[in-house]
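S.K.: Dropping a structure here in structure tokens format, bear with me for questions.
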Amino acid sequence: MATIRSRSKKSEADVPPVAGSGGNGVGPEELPVDTDTLLDYYRQMLTIRLFEEAAQTAFRKGKIGGYLHLYIGQEALATGFLHEYQTGDRIITAYRDHAHALLLGATPRAVMAELFGKGTGLVKGKGGSMHLFDVQNGLWGGYGIVGGHIPLGVGLAYAEAYQKTGGIVQLYFGDGAIHNGAFHEAANLAGLWGRDGMCPCLFILENNKYGMGTSVERATAMTDLSAKFDSYGIEHEDVDGMDLVTVLETARRAVARVRETGKPYAIEAITYRISPHGAADFLERYRSKEEVAEARKRDPINLLEQRLLEAGAVDEQQLAEIRREARAVVDDAVKFAEESPEPPIDELYTDVYADSAYATDSPVG
Ligand SMILES: Cc1ncc(C[n+]2csc(CCOP(=O)(O)OP(=O)(O)O)c2C)c(N)n1
Ligand SMILES: [Mg+2]
């Protein structure tokens, strides 16, 4: 079944280096030479966007239960960093995980069916939106407890080094999670283990300005979030998370560095959650409409579209064709999810306990 990943995966040698850029208003001369690849990323980001908009509609119609947190506005981050994924790497994130699963190779059908809680879903309908897993493709979850996955990510990185797999971990988490004790304990160990090259972990702090309805300014007295990594001896840099080209360039360098040194490194990605915190968050009393409208001017998909148009890499007609194709992929996924059966009852305890006899033998079984 089709995935949204690159259609013609090029070998490293074929891909020219991405030109450095300053973020805003980068001219055509600074575009990466390989505009085909950029166009492919545009297609992926657009597909993710339409996928999530369709999921939001389904949620509001009551077809998706539980929670649904969208990645709208943040697509350039996972797209840029996961382009550096190599087999054996492990990716771990919080509950805004749809883009990660899709980019790593789960099919839109399987991810949408999972959101619908259907038996054909990525984890057989038992995880839902926040708990996507696809270990074969490198996705180690999908977690709903804020900050709870950070020690797991650091532990996975230690395992990569200990087992000499050559793999690294990309650990995504939010500005809200950095205040959680789990972050500080895990970052301390990461810094310590990293001294011996035993923690190839790339911390990707997605600063989207809010943890639910609480702005960064209301959550911490020290708003320079990446400076918190200094306490643990972890070097870091910031990136404009709305600009895919800048993200690509940073990701290439940062991932190579972690892979080569076995030491942790951190990125603070400055981004913005254009969508509400969750699909059930209609009121958004904590931020103004004007603020959201301002952020939309730097919507990562529009920025990339402008770049491609300015570079002459694409015309309006081709863009319309890409939109039509992306729409078809998403419509197909929704149809598949709607028509899929509920999980069979005998699936209730499979993949839940390591000892499969446990559930049925125990009093609760
Ligand atoms: C330990 C814990 N405390 C509180 C919550 C409720 N909660 C869900 S999302 C969230 C905000 C997290 O913000 P951030 O880490 O910035 O992620 P974002 O939603 O912005 O992607 C909170 C407090 C939770 N899920 N887990
Ligand atoms: Mg946040």
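Just so we're on the same page: first chain in the structure tokens is A, next is B, and so on; residues restart at 1 for each chain, and ligands are numbered from 1 in the order they show up.
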List all protein, DNA and RNA residues that have at least one atom no more than 7 Å from any atom of ligand 1, counting only C-alpha atoms and all ligand atoms, and write them as a PyMOL selection string.

M.R.: chain A and resi 96+144-148+173-177+207-208+210-212+277

S.K.: Pick out the residues sitting within 12 Å of Gln163 of chain A, and hand them over as a ChimeraX atom specification; count only C-alpha atoms, and ignore anything fewer than 6 positions along from it in its own chain.

M.R.: /A:88,156-157,198-200

S.K.: Would you save the residues of that selection, restricted to C-alpha atoms, as a CSV table (one decimal), in the first residue's frame?

M.R.:
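This went into again37.csv:
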```
chain,number,residue,atom,x,y,z
A,88,GLY,CA,18.2,1.4,12.8
A,156,LEU,CA,16.9,4.0,23.6
A,157,ALA,CA,19.9,6.1,22.7
A,198,MET,CA,27.2,6.6,24.9
A,199,CYS,CA,24.2,8.7,24.1
A,200,PRO,CA,23.5,9.4,20.4
```

S.K.: Determine which residues of segment 121-222 of chain A receive a DSSP assignment of strand (DSSP E or B), computed from the backbone, and state them as a list in words.

M.R.: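 Secondary structure check on segment 121-222 of chain A, strand (DSSP E or B): Asp134, Leu139, Val169, Gln170, Leu171, Tyr172, Phe173, Gly174, Cys201, Leu202, Phe203, Ile204, Leu205, Glu206, Asn207, Tyr210, Gly211, Thr214 and Ser215 of chain A.
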
S.K.: Save the residues we just selected, C-alpha atoms, as a compact mmCIF listing (two decimals), in the first residue's frame?

M.R.:
```
# COMPACT_ATOMS: atom_id res chain seq x y z
CA ASP A 134 5.56 1.42 13.96
CA LEU A 139 8.67 4.82 15.27
CA VAL A 169 17.51 8.60 18.43
CA GLN A 170 15.47 11.60 17.38
CA LEU A 171 13.57 12.65 20.48
CA TYR A 172 10.79 15.18 19.90
CA PHE A 173 9.12 17.02 22.77
CA GLY A 174 7.35 20.28 23.49
CA CYS A 201 20.31 11.37 21.12
CA LEU A 202 19.12 14.38 19.16
CA PHE A 203 16.75 16.35 21.38
CA ILE A 204 14.29 18.23 19.19
CA LEU A 205 12.48 20.75 21.35
CA GLU A 206 9.44 21.96 19.43
CA ASN A 207 8.78 25.38 20.89
CA TYR A 210 2.18 27.02 24.19
CA GLY A 211 1.58 24.01 26.40
CA THR A 214 -0.30 28.24 28.83
CA SER A 215 2.24 30.36 27.00
```

S.K.: Can you work out which one of A:Thr47, A:Thr271, A:Asn137, A:Thr120 has the shortest atom-to-atom distance to ligand 2, counting only C-alpha atoms and all ligand atoms?

M.R.: A:Thr271

S.K.: Of the residues A:Ala106, A:Leu38, A:Leu248, A:Val216, which is the one nearest to ligand 2, using only C-alpha atoms and all ligand atoms?

M.R.: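 For ligand 2, the nearest of the given residues is A:Val216.
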
S.K.: Using only C-alpha atoms, find the one residue out of A:His98, A:Lys209, A:His149, A:Arg5 that sits nearest to His83 of chain A.

M.R.: A:Arg5

S.K.: Hey, what's within 10 Å of Asp36 of chain A if we count only C-alpha atoms and toss same-chain stuff fewer than 5 positions away? As a ChimeraX atom specification, please?

M.R.: /A:8,41-42,308,313-314

S.K.: Mind giving me the straight-line distance from atom CA of Ala337 of chain A to atom CA of Ala58 of chain A in Å, one decimal?

M.R.: 10.5 Å

S.K.: Identify which of the residues A:Leu103, A:Leu115, A:Ile64, A:Ala269 lies closest to ligand 2, counting only C-alpha atoms and all ligand atoms when measuring atom-to-atom distances.

M.R.: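 The closest residue to ligand 2 is A:Ala269.
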
S.K.: Give the answer as one residue: which of A:Leu303, A:Ile150, A:Ala110, A:Ile178 has the shortest atom-to-atom distance to ligand 2, using only C-alpha atoms and all ligand atoms?

M.R.: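 Among A:Leu303, A:Ile150, A:Ala110, A:Ile178, it is A:Ile178 that comes nearest to ligand 2.
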